[in-house]
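A short worksheet on the structure shown next.
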Amino acid sequence: MIIIFLSSYCILIKLSKRVTIMIDDDLDKKLRLRQAKLIQTEQSSYSYSKVLNDTLRKSLK
């Protein structure tokens, strides 16, 4: 976490870590299908990274 002080404001910035991984084709397809469903139900953008992170969080509880 980074804390930046600008005059009378304090800004907290949470940085994500960039990691390169190899995902099998079948898992990639499932994640992209899940992403497509979320985009349709939310009617807004839903990044591949967010889908991957949400899926990992659910399965690693």
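Scheme for the structure tokens: letters A, B, ... for chains in order shown; per-chain residue numbers from 1; ligand numbers from 1 in order shown.
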| task | For A:Leu31, work out the shell of residues within 7 Å, counting only C-alpha atoms and skipping chain neighbours fewer than 4 positions away, then give it as a PyMOL selection string. | result | chain A and resi 27+35+51-52
| message | DSSP on the backbone, strand (DSSP E or B) only: what residues of stretch 8-61 of chain A does that give? Format it as a ChimeraX atom specification. | response | /A:9-13
| request: Show which residues sit within 12 Å of A:Arg32, as a list in words. Count only C-alpha atoms, and ignore same-chain residues fewer than 3 positions away. | output: Ile23, Asp25, Asp26, Leu27, Asp28, Lys29, Gln35, Ala36, Lys37, Leu38, Ile39, Tyr46, Ser47, Tyr48, Ser49, Lys50, Val51, Leu52 and Thr55 of chain A
Just-selected residues, C-alpha atoms written as a PDB file, in the first residue's frame:
```pdb
ATOM      1  CA  ILE A  23      -3.751 -21.285 -17.823  1.00  0.00           C
ATOM      2  CA  ASP A  25      -7.242 -23.796 -22.591  1.00  0.00           C
ATOM      3  CA  ASP A  26     -10.253 -25.436 -20.930  1.00  0.00           C
ATOM      4  CA  LEU A  27      -9.927 -23.215 -17.835  1.00  0.00           C
ATOM      5  CA  ASP A  28      -9.466 -20.114 -19.962  1.00  0.00           C
ATOM      6  CA  LYS A  29     -12.660 -20.938 -21.837  1.00  0.00           C
ATOM      7  CA  GLN A  35     -16.834 -13.194 -17.712  1.00  0.00           C
ATOM      8  CA  ALA A  36     -19.379 -12.989 -20.550  1.00  0.00           C
ATOM      9  CA  LYS A  37     -22.236 -13.972 -18.205  1.00  0.00           C
ATOM     10  CA  LEU A  38     -21.155 -11.382 -15.633  1.00  0.00           C
ATOM     11  CA  ILE A  39     -20.967  -8.676 -18.286  1.00  0.00           C
ATOM     12  CA  TYR A  46     -15.980  -6.968 -16.017  1.00  0.00           C
ATOM     13  CA  SER A  47     -12.279  -7.568 -16.571  1.00  0.00           C
ATOM     14  CA  TYR A  48     -10.686 -10.955 -17.033  1.00  0.00           C
ATOM     15  CA  SER A  49      -8.429 -10.202 -14.059  1.00  0.00           C
ATOM     16  CA  LYS A  50     -11.430  -9.505 -11.845  1.00  0.00           C
ATOM     17  CA  VAL A  51     -13.104 -12.766 -12.909  1.00  0.00           C
ATOM     18  CA  LEU A  52      -9.903 -14.678 -12.187  1.00  0.00           C
ATOM     19  CA  THR A  55     -12.906 -17.187  -8.790  1.00  0.00           C
TER      20      THR A  55
END
```
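What separates atom CA of A:Thr20 from atom CA of A:Asn53 is a distance of 13.6 Å.
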| query | atom CA of A:Val19 to atom CA of A:Ser59: how many Å, to one decimal? | reply |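 One can read the atom CA of A:Val19 to atom CA of A:Ser59 distance as 18.8 Å.
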